Amino acid sequence: MVKPALVAVHGDPALLATLDQDLGRRFGADYQVRAVQSPGDALAVLGRLAEAGEPAAVLLADQWLAGMTGVEFLCRAHVLHPAAKRMLFITYGDPAAAAAGLQAMALGQLDRYLNAPWGPPELHLYPAVGEALSQWARSTGQLGPAPELVRIVGTRWSPRSHELRDLLARNSISHAFYDAESADGQRLLAGAGLQAGGPPVLLLFDGQVLVDPPNERLAQALGVQTQPSSGRYDVAVVGAGPAGLAAATYAASEGLRTLLLEREAVGGQAGTTSQIRNYLGFPRGISGAELASRATEQAVVLGAELVYAQPATGLRASRSELALTLADGSQATTRTAVIATGVSYRPLPVAGLEPLTGAGVFYGAAVTEAKAMAGQRVFVVGGANSAGQAALHLARHADQVTLLVRGASLATGMSAYLIHELDRAENISVRLGTQITAVHGAGRLEAITLHHAPTGQTQTLPASALFILIGAEPRTNWLPPAIERDDRGFILTGRDLLRGGHPPPNWPLDRPPMLPQTNLPGAFAAGDVRHNSVKRVASAVGEGATAIQLIHHYLNDVPLSVR
């Protein structure tokens with residue numbers, strides 16, 4: 001097996017020799033280390049690797065090289081090896097190099113920077129390069145496939161096949177998909193005593209065979225808890241998006257008996273984002289799936305009880321407690337609840353779209369479909385950050401990505417750093433003032449019709465896939481009518497409940513509702529589901545944490561129920 005390459009270029013011969021030695025000692029057994037002094041020679045090495053089909057995993061460069069800057073070198077090298085992670089050395093006390101590195105990171109030209117000299121390599125160099133290699137391996141699979149805990153055999157354009165792939169991917173469960181019409185797919189089906197033409201079949205690592213199982217049954221087969229274990233809780237968190245995960249983490253860490261309910265996949269909408277670049281503490285960005293996985297592990301380690309595929313379907317007050325009805329009809333009793341059910345993507349109102357959902361039409365980023373878009377022409381609908389991130393992620397695989405924006409400017413709803421990255425991407429085009437008026441396809445999407453409002457022109461174009469990210473609708477239809485919401489269904493809390501400065505009718509407490517508190521005193525709301533919330537991951541996390549702090553105040557006011 002060909003070893004992936006680590007290619008380093010530095011103009012200082014002494015530092016280059018040290019870098020060569022350090023990298024070779026730590027990574028030489030598994031990677032070919034190429035240390036080169038000239039950027040031109042380094043590009044020649046990368047060119048030969050590309051011609052031979054040998055991947056470069058990590059590129060390292062000093063900012064000041066002969067004939068070009070390190071950033072320029074990394075941009076040119078990226079054309080030869082687009083999957084390679086890019087790292088820049090910045091000498092201590094060099095403000096010009098630091099400014100160039102930071103700008104390059106903001107524009108997506110750089111994955112991270114390292115200060116030079118780096119001192120003992122175990123402190124900075126090895127962790128940084130190791131993390132970059134881990135990210136490269138996850139994104140490319142070049143180090144060999146992950147173990148296939150679940151094998152899905154189904155029709156390629158079956159909506160349920162897509163749903164199952166997406167579900168497993170969003171929950172970080174390693175899996176593989178086999179087309180039922182392929183030789184491998186037919187072999188797997190025959191081994192299970194089945195034939196092609198039916199619903200999707202799941203073959204589990206332990207020999208279980210599941211034919212299109214409900215999500216709850218699949219979770220049980222994988223050993224995931226699907227029923228609460230206790231009769232009573234201090235806090236029940238409904239929804240494991242960023243707000244819910246933060247609430248569960250803080251509640252459990254502070255000794256509250258915590259139940260965390262998730263209907264589908266941890267991370268919510270944020271979990272489908274290919275790269276979050278503006279979340280505090282992750283200057284190089286982090287995928288939504290990885291952030292959700294880390295946060296879930298943190299909440300569970302601290303003592304939260306995660307129950308999957310058992311969403312809340314009802315909520316009612318019972319004296320000083322709340323009763324949550326679950327999907328199977330059972331109940332969980334809790335002193336307080338944090339409603340963090342988030343939002344779902346708003347449907348695109350185009351005739352004929354619904355039958356193609358999952359068969360070329362996808363709501364959200366659908367990162368599981370990105371690799372299947374190789375060489376294809378795809379479209380993304382939306383003008384906010386989630387749409388921009390989806391377009392950039394798809395552009396790594398698709399031949400052409402077109403971002404369709406109804407408004408006249410991206411600046412209205414998208415962060416500046418994303419706009420810059422979209423401008424730089426050669427295979428991404430942006431069409432402003434454009435809407436989809438029709439979709440075409442028999443069994444799967446084949447083409448779309450666009451209307452350009454400023455000119456009135458209509459155009460039909462071939463389309464392999466359509467990704468829709470056009471705003472959100474709150475998941476609140478399971479709540480009782482007594483919980484007040486705005487005209488779009490978002491939950492009213494705090495001062496938004498006041499009428500002429502007075503609490504809502506039948507408010508039982510002596511003080512007005514606290515910021516995340518609903519008009520049902522023991523029920524709090526956090527994150528995107530709350531009226532007038534800031535639609536950002538960091539804001540949702542903050543609201544989840546704040547809700548727990550205020551729940552402590554509430555519990556001090558309410559008599560302790562029998563445990």
# chains A, B, ... in the order shown; residues from 1 in each chain; ligands from 1

call {"tool": "select_by_dssp", "arguments": {"residues": "segment 177-399 of chain A", "states": "helix (DSSP H, G or I)", "output": "PyMOL selection string"}}
result
chain A and resi 183-191+215-221+242-253+268-272+288-301+354-356+367-369+371-373+385-395

call {"tool": "closest_atom_pairs", "arguments": {"of": "segment 262-304 of chain A", "to": "segment 164-180 of chain A", "cutoff": "9 Å", "atoms": "only C-alpha atoms", "output": "JSON lines"}}
result
{"residue": "A:Glu264", "atom": "CA", "partner": "A:Leu167", "partner_atom": "CA", "distance": 7.2}
{"residue": "A:Ala265", "atom": "CA", "partner": "A:Asn171", "partner_atom": "CA", "distance": 5.6}
{"residue": "A:Val266", "atom": "CA", "partner": "A:Asn171", "partner_atom": "CA", "distance": 6.3}
{"residue": "A:Gly267", "atom": "CA", "partner": "A:Arg170", "partner_atom": "CA", "distance": 7.9}
{"residue": "A:Gly268", "atom": "CA", "partner": "A:Arg170", "partner_atom": "CA", "distance": 9.0}
{"residue": "A:Gly271", "atom": "CA", "partner": "A:Arg170", "partner_atom": "CA", "distance": 6.6}
{"residue": "A:Thr272", "atom": "CA", "partner": "A:Arg170", "partner_atom": "CA", "distance": 6.7}
{"residue": "A:Gly288", "atom": "CA", "partner": "A:Arg170", "partner_atom": "CA", "distance": 9.0}
{"residue": "A:Ala289", "atom": "CA", "partner": "A:Arg170", "partner_atom": "CA", "distance": 6.1}
{"residue": "A:Glu290", "atom": "CA", "partner": "A:Ser172", "partner_atom": "CA", "distance": 8.2}
{"residue": "A:Ala292", "atom": "CA", "partner": "A:Asn171", "partner_atom": "CA", "distance": 8.7}
{"residue": "A:Ser293", "atom": "CA", "partner": "A:Ser172", "partner_atom": "CA", "distance": 7.2}

call {"tool": "residues_around", "arguments": {"residues": "segment 299-315 of chain A", "least_positions_apart": "2", "cutoff": "7 Å", "atoms": "only C-alpha atoms", "output": "PyMOL selection string"}}
result
chain A and resi 215-216+224-228+238+245+248-249+252-253+258-264+295-297+322-327+478-480

call {"tool": "write_last_selection", "arguments": {"atoms": "N, CA, C and O atoms", "output": "tab-separated table (two decimals), in the first residue's frame"}}
result
chain	number	residue	atom	x	y	z
A	215	ASN	N	-37.01	3.29	13.14
A	215	ASN	CA	-35.80	3.83	13.73
A	215	ASN	C	-35.57	3.33	15.15
A	215	ASN	O	-34.44	3.07	15.57
A	216	GLU	N	-36.65	3.18	15.91
A	216	GLU	CA	-36.52	2.70	17.29
A	216	GLU	C	-35.97	1.27	17.31
A	216	GLU	O	-35.12	0.93	18.13
A	224	VAL	N	-28.69	0.95	21.69
A	224	VAL	CA	-28.96	2.31	22.16
A	224	VAL	C	-30.20	2.29	23.06
A	224	VAL	O	-31.18	1.61	22.75
A	225	GLN	N	-30.18	3.04	24.15
A	225	GLN	CA	-31.30	3.09	25.07
A	225	GLN	C	-32.48	3.81	24.43
A	225	GLN	O	-32.35	4.91	23.91
A	226	THR	N	-33.65	3.18	24.50
A	226	THR	CA	-34.84	3.78	23.90
A	226	THR	C	-35.98	3.95	24.91
A	226	THR	O	-37.09	4.28	24.53
A	227	GLN	N	-35.70	3.69	26.19
A	227	GLN	CA	-36.70	3.87	27.24
A	227	GLN	C	-36.06	4.54	28.44
A	227	GLN	O	-34.94	4.18	28.82
A	228	PRO	N	-36.74	5.49	29.09
A	228	PRO	CA	-36.21	6.06	30.33
A	228	PRO	C	-36.11	4.97	31.40
A	228	PRO	O	-36.96	4.08	31.48
A	238	VAL	N	-35.80	18.05	26.06
A	238	VAL	CA	-36.44	17.49	24.87
A	238	VAL	C	-35.73	18.05	23.63
A	238	VAL	O	-35.90	19.21	23.28
A	245	LEU	N	-28.15	19.79	24.20
A	245	LEU	CA	-26.93	19.17	24.68
A	245	LEU	C	-26.26	20.02	25.76
A	245	LEU	O	-25.75	19.49	26.76
A	248	ALA	N	-28.38	19.65	28.96
A	248	ALA	CA	-28.17	18.35	29.60
A	248	ALA	C	-26.80	18.27	30.25
A	248	ALA	O	-26.65	17.71	31.35
A	249	THR	N	-25.79	18.82	29.59
A	249	THR	CA	-24.44	18.79	30.15
A	249	THR	C	-24.36	19.57	31.46
A	249	THR	O	-23.82	19.08	32.46
A	252	ALA	N	-26.60	17.84	34.30
A	252	ALA	CA	-25.99	16.64	34.85
A	252	ALA	C	-24.75	16.97	35.67
A	252	ALA	O	-24.52	16.38	36.74
A	253	SER	N	-23.94	17.91	35.18
A	253	SER	CA	-22.71	18.27	35.91
A	253	SER	C	-23.01	18.90	37.26
A	253	SER	O	-22.17	18.87	38.16
A	258	THR	N	-31.02	14.00	35.10
A	258	THR	CA	-31.28	14.59	33.80
A	258	THR	C	-31.65	13.54	32.76
A	258	THR	O	-30.93	12.56	32.57
A	259	LEU	N	-32.77	13.76	32.09
A	259	LEU	CA	-33.21	12.93	30.97
A	259	LEU	C	-33.07	13.74	29.69
A	259	LEU	O	-33.53	14.88	29.62
A	260	LEU	N	-32.44	13.16	28.69
A	260	LEU	CA	-32.27	13.82	27.39
A	260	LEU	C	-32.95	12.97	26.32
A	260	LEU	O	-32.57	11.82	26.10
A	261	LEU	N	-33.98	13.53	25.70
A	261	LEU	CA	-34.75	12.82	24.68
A	261	LEU	C	-34.38	13.33	23.30
A	261	LEU	O	-34.38	14.54	23.05
A	262	GLU	N	-34.06	12.42	22.39
A	262	GLU	CA	-33.77	12.81	21.00
A	262	GLU	C	-34.55	11.89	20.05
A	262	GLU	O	-34.45	10.66	20.13
A	263	ARG	N	-35.28	12.49	19.14
A	263	ARG	CA	-36.15	11.73	18.26
A	263	ARG	C	-35.42	11.12	17.07
A	263	ARG	O	-35.83	10.09	16.53
A	264	GLU	N	-34.32	11.75	16.64
A	264	GLU	CA	-33.77	11.38	15.34
A	264	GLU	C	-32.25	11.28	15.33
A	264	GLU	O	-31.70	10.22	15.09
A	295	ALA	N	-20.19	16.67	22.23
A	295	ALA	CA	-21.10	17.20	23.24
A	295	ALA	C	-21.97	16.09	23.83
A	295	ALA	O	-22.25	16.08	25.04
A	296	THR	N	-22.40	15.15	22.99
A	296	THR	CA	-23.20	14.03	23.49
A	296	THR	C	-22.40	13.19	24.47
A	296	THR	O	-22.89	12.82	25.55
A	297	GLU	N	-21.17	12.88	24.11
A	297	GLU	CA	-20.31	12.11	25.00
A	297	GLU	C	-20.11	12.85	26.33
A	297	GLU	O	-20.16	12.25	27.41
A	322	LEU	N	-44.15	17.96	36.03
A	322	LEU	CA	-44.58	17.89	34.64
A	322	LEU	C	-44.59	16.44	34.20
A	322	LEU	O	-43.72	15.65	34.61
A	323	ALA	N	-45.54	16.08	33.36
A	323	ALA	CA	-45.61	14.73	32.81
A	323	ALA	C	-45.38	14.82	31.31
A	323	ALA	O	-46.11	15.51	30.59
A	324	LEU	N	-44.35	14.11	30.85
A	324	LEU	CA	-44.05	14.04	29.42
A	324	LEU	C	-44.58	12.72	28.89
A	324	LEU	O	-44.25	11.65	29.41
A	325	THR	N	-45.41	12.80	27.86
A	325	THR	CA	-45.86	11.59	27.17
A	325	THR	C	-44.89	11.30	26.04
A	325	THR	O	-44.54	12.20	25.26
A	326	LEU	N	-44.45	10.05	25.94
A	326	LEU	CA	-43.48	9.65	24.92
A	326	LEU	C	-44.19	8.95	23.76
A	326	LEU	O	-45.38	8.62	23.85
A	327	ALA	N	-43.47	8.73	22.69
A	327	ALA	CA	-44.08	8.23	21.46
A	327	ALA	C	-44.75	6.88	21.63
A	327	ALA	O	-45.74	6.58	20.94
A	478	TRP	N	-46.31	19.33	19.02
A	478	TRP	CA	-46.59	18.32	20.03
A	478	TRP	C	-46.96	18.94	21.38
A	478	TRP	O	-47.42	18.24	22.28
A	479	LEU	N	-46.75	20.24	21.51
A	479	LEU	CA	-47.01	20.92	22.78
A	479	LEU	C	-48.50	21.20	22.97
A	479	LEU	O	-49.23	21.37	22.00
A	480	PRO	N	-48.95	21.31	24.22
A	480	PRO	CA	-50.36	21.62	24.47
A	480	PRO	C	-50.68	23.05	24.05
A	480	PRO	O	-49.81	23.92	24.07

call {"tool": "residues_around", "arguments": {"residues": "segment 486-500 of chain A", "least_positions_apart": "4", "cutoff": "8 Å", "atoms": "only C-alpha atoms", "output": "PyMOL selection string"}}
result
chain A and resi 473-474+476-477+504+512-519+524-525+529-531

call {"tool": "write_last_selection", "arguments": {"atoms": "N, CA, C and O atoms", "output": "PDB file, in the first residue's frame"}}
result
ATOM      1  N   GLU A 473     -38.972  26.005  10.397  1.00  0.00           N
ATOM      2  CA  GLU A 473     -40.250  25.979  11.096  1.00  0.00           C
ATOM      3  C   GLU A 473     -40.037  25.269  12.429  1.00  0.00           C
ATOM      4  O   GLU A 473     -39.373  24.231  12.487  1.00  0.00           O
ATOM      5  N   PRO A 474     -40.592  25.808  13.511  1.00  0.00           N
ATOM      6  CA  PRO A 474     -40.338  25.210  14.835  1.00  0.00           C
ATOM      7  C   PRO A 474     -41.054  23.883  15.010  1.00  0.00           C
ATOM      8  O   PRO A 474     -42.150  23.671  14.475  1.00  0.00           O
ATOM      9  N   THR A 476     -42.983  22.405  17.314  1.00  0.00           N
ATOM     10  CA  THR A 476     -43.763  22.657  18.531  1.00  0.00           C
ATOM     11  C   THR A 476     -45.188  22.117  18.462  1.00  0.00           C
ATOM     12  O   THR A 476     -45.977  22.369  19.365  1.00  0.00           O
ATOM     13  N   ASN A 477     -45.525  21.384  17.406  1.00  0.00           N
ATOM     14  CA  ASN A 477     -46.910  20.929  17.272  1.00  0.00           C
ATOM     15  C   ASN A 477     -47.273  19.854  18.288  1.00  0.00           C
ATOM     16  O   ASN A 477     -48.448  19.507  18.433  1.00  0.00           O
ATOM     17  N   PRO A 504     -48.696  36.593  32.154  1.00  0.00           N
ATOM     18  CA  PRO A 504     -49.824  36.022  31.421  1.00  0.00           C
ATOM     19  C   PRO A 504     -50.919  35.549  32.384  1.00  0.00           C
ATOM     20  O   PRO A 504     -50.674  35.362  33.583  1.00  0.00           O
ATOM     21  N   PRO A 512     -42.357  37.796  37.666  1.00  0.00           N
ATOM     22  CA  PRO A 512     -42.659  37.574  36.241  1.00  0.00           C
ATOM     23  C   PRO A 512     -41.813  36.430  35.671  1.00  0.00           C
ATOM     24  O   PRO A 512     -40.831  36.003  36.287  1.00  0.00           O
ATOM     25  N   PRO A 513     -42.167  35.923  34.506  1.00  0.00           N
ATOM     26  CA  PRO A 513     -41.402  34.830  33.893  1.00  0.00           C
ATOM     27  C   PRO A 513     -39.946  35.237  33.635  1.00  0.00           C
ATOM     28  O   PRO A 513     -39.666  36.362  33.208  1.00  0.00           O
ATOM     29  N   MET A 514     -39.032  34.297  33.897  1.00  0.00           N
ATOM     30  CA  MET A 514     -37.624  34.526  33.600  1.00  0.00           C
ATOM     31  C   MET A 514     -37.384  34.364  32.093  1.00  0.00           C
ATOM     32  O   MET A 514     -38.228  33.832  31.370  1.00  0.00           O
ATOM     33  N   LEU A 515     -36.225  34.795  31.640  1.00  0.00           N
ATOM     34  CA  LEU A 515     -35.917  34.889  30.207  1.00  0.00           C
ATOM     35  C   LEU A 515     -36.318  33.650  29.399  1.00  0.00           C
ATOM     36  O   LEU A 515     -37.030  33.774  28.405  1.00  0.00           O
ATOM     37  N   PRO A 516     -35.914  32.418  29.783  1.00  0.00           N
ATOM     38  CA  PRO A 516     -36.294  31.270  28.949  1.00  0.00           C
ATOM     39  C   PRO A 516     -37.547  30.554  29.422  1.00  0.00           C
ATOM     40  O   PRO A 516     -37.857  29.478  28.919  1.00  0.00           O
ATOM     41  N   GLN A 517     -38.279  31.132  30.377  1.00  0.00           N
ATOM     42  CA  GLN A 517     -39.410  30.452  30.989  1.00  0.00           C
ATOM     43  C   GLN A 517     -40.686  30.649  30.172  1.00  0.00           C
ATOM     44  O   GLN A 517     -40.988  31.755  29.730  1.00  0.00           O
ATOM     45  N   THR A 518     -41.421  29.568  29.956  1.00  0.00           N
ATOM     46  CA  THR A 518     -42.694  29.654  29.239  1.00  0.00           C
ATOM     47  C   THR A 518     -43.800  30.038  30.228  1.00  0.00           C
ATOM     48  O   THR A 518     -43.555  30.196  31.428  1.00  0.00           O
ATOM     49  N   ASN A 519     -45.024  30.156  29.724  1.00  0.00           N
ATOM     50  CA  ASN A 519     -46.131  30.471  30.632  1.00  0.00           C
ATOM     51  C   ASN A 519     -46.570  29.264  31.462  1.00  0.00           C
ATOM     52  O   ASN A 519     -47.418  29.387  32.335  1.00  0.00           O
ATOM     53  N   PHE A 524     -39.232  25.373  30.279  1.00  0.00           N
ATOM     54  CA  PHE A 524     -38.345  26.403  29.741  1.00  0.00           C
ATOM     55  C   PHE A 524     -38.078  26.079  28.271  1.00  0.00           C
ATOM     56  O   PHE A 524     -38.196  24.930  27.841  1.00  0.00           O
ATOM     57  N   ALA A 525     -37.720  27.085  27.498  1.00  0.00           N
ATOM     58  CA  ALA A 525     -37.397  26.877  26.079  1.00  0.00           C
ATOM     59  C   ALA A 525     -36.022  27.450  25.792  1.00  0.00           C
ATOM     60  O   ALA A 525     -35.646  28.493  26.340  1.00  0.00           O
ATOM     61  N   VAL A 529     -35.991  27.086  18.840  1.00  0.00           N
ATOM     62  CA  VAL A 529     -37.437  26.936  19.005  1.00  0.00           C
ATOM     63  C   VAL A 529     -38.057  28.124  19.737  1.00  0.00           C
ATOM     64  O   VAL A 529     -39.261  28.330  19.692  1.00  0.00           O
ATOM     65  N   ARG A 530     -37.216  28.947  20.353  1.00  0.00           N
ATOM     66  CA  ARG A 530     -37.707  30.065  21.159  1.00  0.00           C
ATOM     67  C   ARG A 530     -37.906  31.306  20.291  1.00  0.00           C
ATOM     68  O   ARG A 530     -37.103  31.597  19.415  1.00  0.00           O
ATOM     69  N   HIS A 531     -38.981  32.028  20.535  1.00  0.00           N
ATOM     70  CA  HIS A 531     -39.292  33.260  19.806  1.00  0.00           C
ATOM     71  C   HIS A 531     -38.144  34.252  19.923  1.00  0.00           C
ATOM     72  O   HIS A 531     -37.623  34.512  21.007  1.00  0.00           O
TER      73      HIS A 531
END

call {"tool": "closest_residue", "arguments": {"among": "A:Trp118, A:Tyr113, A:Trp157, A:Trp64", "to": "Ala132 of chain A", "atoms": "only C-alpha atoms"}}
result
A:Tyr113

call {"tool": "select_by_dssp", "arguments": {"residues": "segment 34-76 of chain A", "states": "strand (DSSP E or B)", "output": "list in words"}}
result
Arg34, Ala35, Val36, Ala56, Ala57, Val58, Leu59, Leu60, Ala61, Asp62, Trp64 and Thr69 of chain A

call {"tool": "write_last_selection", "arguments": {"atoms": "all heavy atoms", "output": "CSV table (one decimal), in the first residue's frame"}}
result
chain,number,residue,atom,x,y,z
A,34,ARG,N,8.5,14.3,2.9
A,34,ARG,CA,9.2,15.0,1.9
A,34,ARG,C,9.5,16.4,2.4
A,34,ARG,O,8.6,17.2,2.5
A,34,ARG,CB,8.5,15.0,0.6
A,34,ARG,CG,8.0,13.7,0.0
A,34,ARG,CD,9.2,12.8,-0.5
A,34,ARG,NE,8.7,11.6,-1.2
A,34,ARG,CZ,8.5,11.5,-2.5
A,34,ARG,NH1,8.6,12.6,-3.2
A,34,ARG,NH2,8.1,10.4,-3.0
A,35,ALA,N,10.8,16.7,2.7
A,35,ALA,CA,11.1,18.0,3.2
A,35,ALA,C,11.9,18.7,2.1
A,35,ALA,O,13.0,18.2,1.7
A,35,ALA,CB,12.0,17.9,4.5
A,36,VAL,N,11.4,19.8,1.6
A,36,VAL,CA,12.0,20.5,0.4
A,36,VAL,C,12.2,22.0,0.7
A,36,VAL,O,11.4,22.6,1.4
A,36,VAL,CB,11.0,20.4,-0.8
A,36,VAL,CG1,11.7,20.9,-2.0
A,36,VAL,CG2,10.6,18.9,-1.0
A,56,ALA,N,-1.3,13.2,-1.1
A,56,ALA,CA,-0.6,14.1,-0.1
A,56,ALA,C,-1.6,14.3,1.0
A,56,ALA,O,-2.7,14.8,0.8
A,56,ALA,CB,-0.1,15.4,-0.7
A,57,ALA,N,-1.2,14.0,2.3
A,57,ALA,CA,-2.2,14.2,3.4
A,57,ALA,C,-2.1,15.5,4.0
A,57,ALA,O,-3.1,16.1,4.4
A,57,ALA,CB,-1.9,13.1,4.4
A,58,VAL,N,-0.8,16.0,4.3
A,58,VAL,CA,-0.6,17.3,4.9
A,58,VAL,C,0.5,18.0,4.2
A,58,VAL,O,1.5,17.5,3.9
A,58,VAL,CB,-0.3,17.1,6.4
A,58,VAL,CG1,0.1,18.4,7.1
A,58,VAL,CG2,-1.4,16.4,7.2
A,59,LEU,N,0.2,19.3,4.0
A,59,LEU,CA,1.2,20.2,3.4
A,59,LEU,C,1.6,21.3,4.5
A,59,LEU,O,0.8,21.9,5.1
A,59,LEU,CB,0.6,20.9,2.2
A,59,LEU,CG,-0.1,20.0,1.2
A,59,LEU,CD1,-0.7,20.9,0.1
A,59,LEU,CD2,0.9,19.1,0.5
A,60,LEU,N,2.9,21.4,4.7
A,60,LEU,CA,3.4,22.4,5.7
A,60,LEU,C,4.4,23.4,5.0
A,60,LEU,O,5.2,23.0,4.2
A,60,LEU,CB,4.2,21.7,6.8
A,60,LEU,CG,3.5,20.6,7.6
A,60,LEU,CD1,3.9,19.2,7.0
A,60,LEU,CD2,3.8,20.7,9.1
A,61,ALA,N,4.2,24.7,5.2
A,61,ALA,CA,5.0,25.7,4.6
A,61,ALA,C,5.3,26.9,5.5
A,61,ALA,O,4.4,27.3,6.2
A,61,ALA,CB,4.4,26.1,3.3
A,62,ASP,N,6.5,27.4,5.3
A,62,ASP,CA,6.8,28.7,6.0
A,62,ASP,C,6.2,29.8,5.1
A,62,ASP,O,6.0,29.6,3.9
A,62,ASP,CB,8.3,28.9,6.1
A,62,ASP,CG,8.7,30.1,6.8
A,62,ASP,OD1,8.1,30.4,7.8
A,62,ASP,OD2,9.6,30.8,6.3
A,64,TRP,N,7.5,32.8,4.4
A,64,TRP,CA,8.4,33.5,3.5
A,64,TRP,C,9.3,32.5,2.8
A,64,TRP,O,10.2,31.9,3.4
A,64,TRP,CB,9.2,34.5,4.3
A,64,TRP,CG,8.4,35.4,5.2
A,64,TRP,CD1,8.4,35.6,6.5
A,64,TRP,CD2,7.3,36.3,4.7
A,64,TRP,NE1,7.5,36.5,6.9
A,64,TRP,CE2,6.8,37.0,5.9
A,64,TRP,CE3,6.8,36.6,3.5
A,64,TRP,CZ2,5.8,37.9,5.8
A,64,TRP,CZ3,5.8,37.5,3.4
A,64,TRP,CH2,5.3,38.1,4.5
A,69,THR,N,5.0,33.4,-1.5
A,69,THR,CA,4.7,33.2,0.0
A,69,THR,C,4.2,31.8,0.3
A,69,THR,O,3.8,31.1,-0.7
A,69,THR,CB,3.6,34.2,0.4
A,69,THR,OG1,2.4,33.9,-0.2
A,69,THR,CG2,4.0,35.7,0.1

call {"tool": "residues_around", "arguments": {"residues": "Ser274 of chain A", "least_positions_apart": "3", "cutoff": "7 Å", "atoms": "only C-alpha atoms", "output": "PyMOL selection string"}}
result
chain A and resi 287-288+367+389-390+393

call {"tool": "residues_around", "arguments": {"residues": "Thr434 of chain A", "least_positions_apart": "6", "cutoff": "12 Å", "atoms": "only C-alpha atoms", "output": "list in words"}}
result
Phe379, Val380, Val381, Gly382, Gly383, Thr402, Leu403, Leu404, Val405, Arg406, Gly407, Ala408, Ser409, Thr449, Leu450, His451, His452, Ala453, Pro454, Thr455, Gly456, Gln457, Thr458 and Gln459 of chain A

call {"tool": "closest_residue", "arguments": {"among": "A:Leu348, A:Leu394, A:Leu222, A:Ala270", "to": "Gln435 of chain A", "atoms": "only C-alpha atoms"}}
result
A:Leu348

call {"tool": "closest_atom_pairs", "arguments": {"of": "segment 131-186 of chain A", "to": "segment 443-447 of chain A", "cutoff": "12 Å", "atoms": "only C-alpha atoms", "output": "tab-separated table"}}
result
residue	atom	partner	partner_atom	distance
A:Thr155	CA	A:Gly443	CA	11.2
A:Arg156	CA	A:Arg444	CA	9.9
A:Trp157	CA	A:Arg444	CA	6.5
A:Ser158	CA	A:Gly443	CA	8.7
A:Pro159	CA	A:Arg444	CA	9.6

call {"tool": "write_last_selection", "arguments": {"atoms": "all heavy atoms", "output": "compact mmCIF listing (two decimals), in the first residue's frame"}}
result
# COMPACT_ATOMS: atom_id res chain seq x y z
N THR A 155 -32.22 0.30 -2.93
CA THR A 155 -32.22 1.00 -4.21
C THR A 155 -31.55 2.36 -4.03
O THR A 155 -31.86 3.08 -3.07
CB THR A 155 -33.66 1.19 -4.71
OG1 THR A 155 -34.29 -0.10 -4.78
CG2 THR A 155 -33.67 1.83 -6.09
N ARG A 156 -30.68 2.72 -4.95
CA ARG A 156 -29.88 3.94 -4.82
C ARG A 156 -30.74 5.17 -4.61
O ARG A 156 -30.44 6.00 -3.76
CB ARG A 156 -29.01 4.12 -6.08
CG ARG A 156 -28.25 5.46 -6.15
CD ARG A 156 -27.16 5.51 -5.11
NE ARG A 156 -26.47 6.79 -5.10
CZ ARG A 156 -26.83 7.85 -4.39
NH1 ARG A 156 -27.93 7.80 -3.64
NH2 ARG A 156 -26.14 8.96 -4.44
N TRP A 157 -31.83 5.31 -5.34
CA TRP A 157 -32.63 6.53 -5.25
C TRP A 157 -33.89 6.34 -4.42
O TRP A 157 -34.85 7.10 -4.55
CB TRP A 157 -32.97 7.04 -6.65
CG TRP A 157 -31.76 7.50 -7.38
CD1 TRP A 157 -31.14 6.88 -8.43
CD2 TRP A 157 -30.98 8.67 -7.10
NE1 TRP A 157 -30.02 7.58 -8.81
CE2 TRP A 157 -29.90 8.69 -8.02
CE3 TRP A 157 -31.07 9.70 -6.16
CZ2 TRP A 157 -28.94 9.70 -8.03
CZ3 TRP A 157 -30.12 10.69 -6.17
CH2 TRP A 157 -29.07 10.69 -7.09
N SER A 158 -33.89 5.34 -3.56
CA SER A 158 -35.01 5.15 -2.65
C SER A 158 -34.96 6.18 -1.52
O SER A 158 -33.93 6.32 -0.86
CB SER A 158 -34.96 3.74 -2.05
OG SER A 158 -35.71 3.67 -0.85
N PRO A 159 -36.04 6.93 -1.28
CA PRO A 159 -36.04 7.89 -0.17
C PRO A 159 -35.71 7.24 1.17
O PRO A 159 -35.01 7.83 1.99
CB PRO A 159 -37.47 8.45 -0.19
CG PRO A 159 -37.90 8.32 -1.62
CD PRO A 159 -37.28 7.04 -2.08

call {"tool": "closest_residue", "arguments": {"among": "A:Gly352, A:Gly67, A:Pro503, A:Gly360", "to": "Ala438 of chain A", "atoms": "only C-alpha atoms"}}
result
A:Gly352

call {"tool": "closest_residue", "arguments": {"among": "A:Ala526, A:Ala398, A:Ala425, A:Leu353", "to": "Gly441 of chain A", "atoms": "only C-alpha atoms"}}
result
A:Leu353

call {"tool": "atom_distance", "arguments": {"atom1": "atom CA of Gly193 of chain A", "atom2": "atom CA of Val153 of chain A"}}
result
12.9 Å

call {"tool": "atom_distance", "arguments": {"atom1": "atom CA of Leu392 of chain A", "atom2": "atom CA of Arg160 of chain A"}}
result
26.0 Å

call {"tool": "closest_residue", "arguments": {"among": "A:Tyr345, A:Phe89, A:Phe362, A:Trp136", "to": "His124 of chain A", "atoms": "only C-alpha atoms"}}
result
A:Phe89

call {"tool": "closest_residue", "arguments": {"among": "A:Arg284, A:Arg112, A:His440, A:Arg396", "to": "Val361 of chain A", "atoms": "only C-alpha atoms"}}
result
A:His440

call {"tool": "residues_around", "arguments": {"residues": "Leu202 of chain A", "least_positions_apart": "3", "cutoff": "9 Å", "atoms": "only C-alpha atoms", "output": "PyMOL selection string"}}
result
chain A and resi 150-154+208-213+218
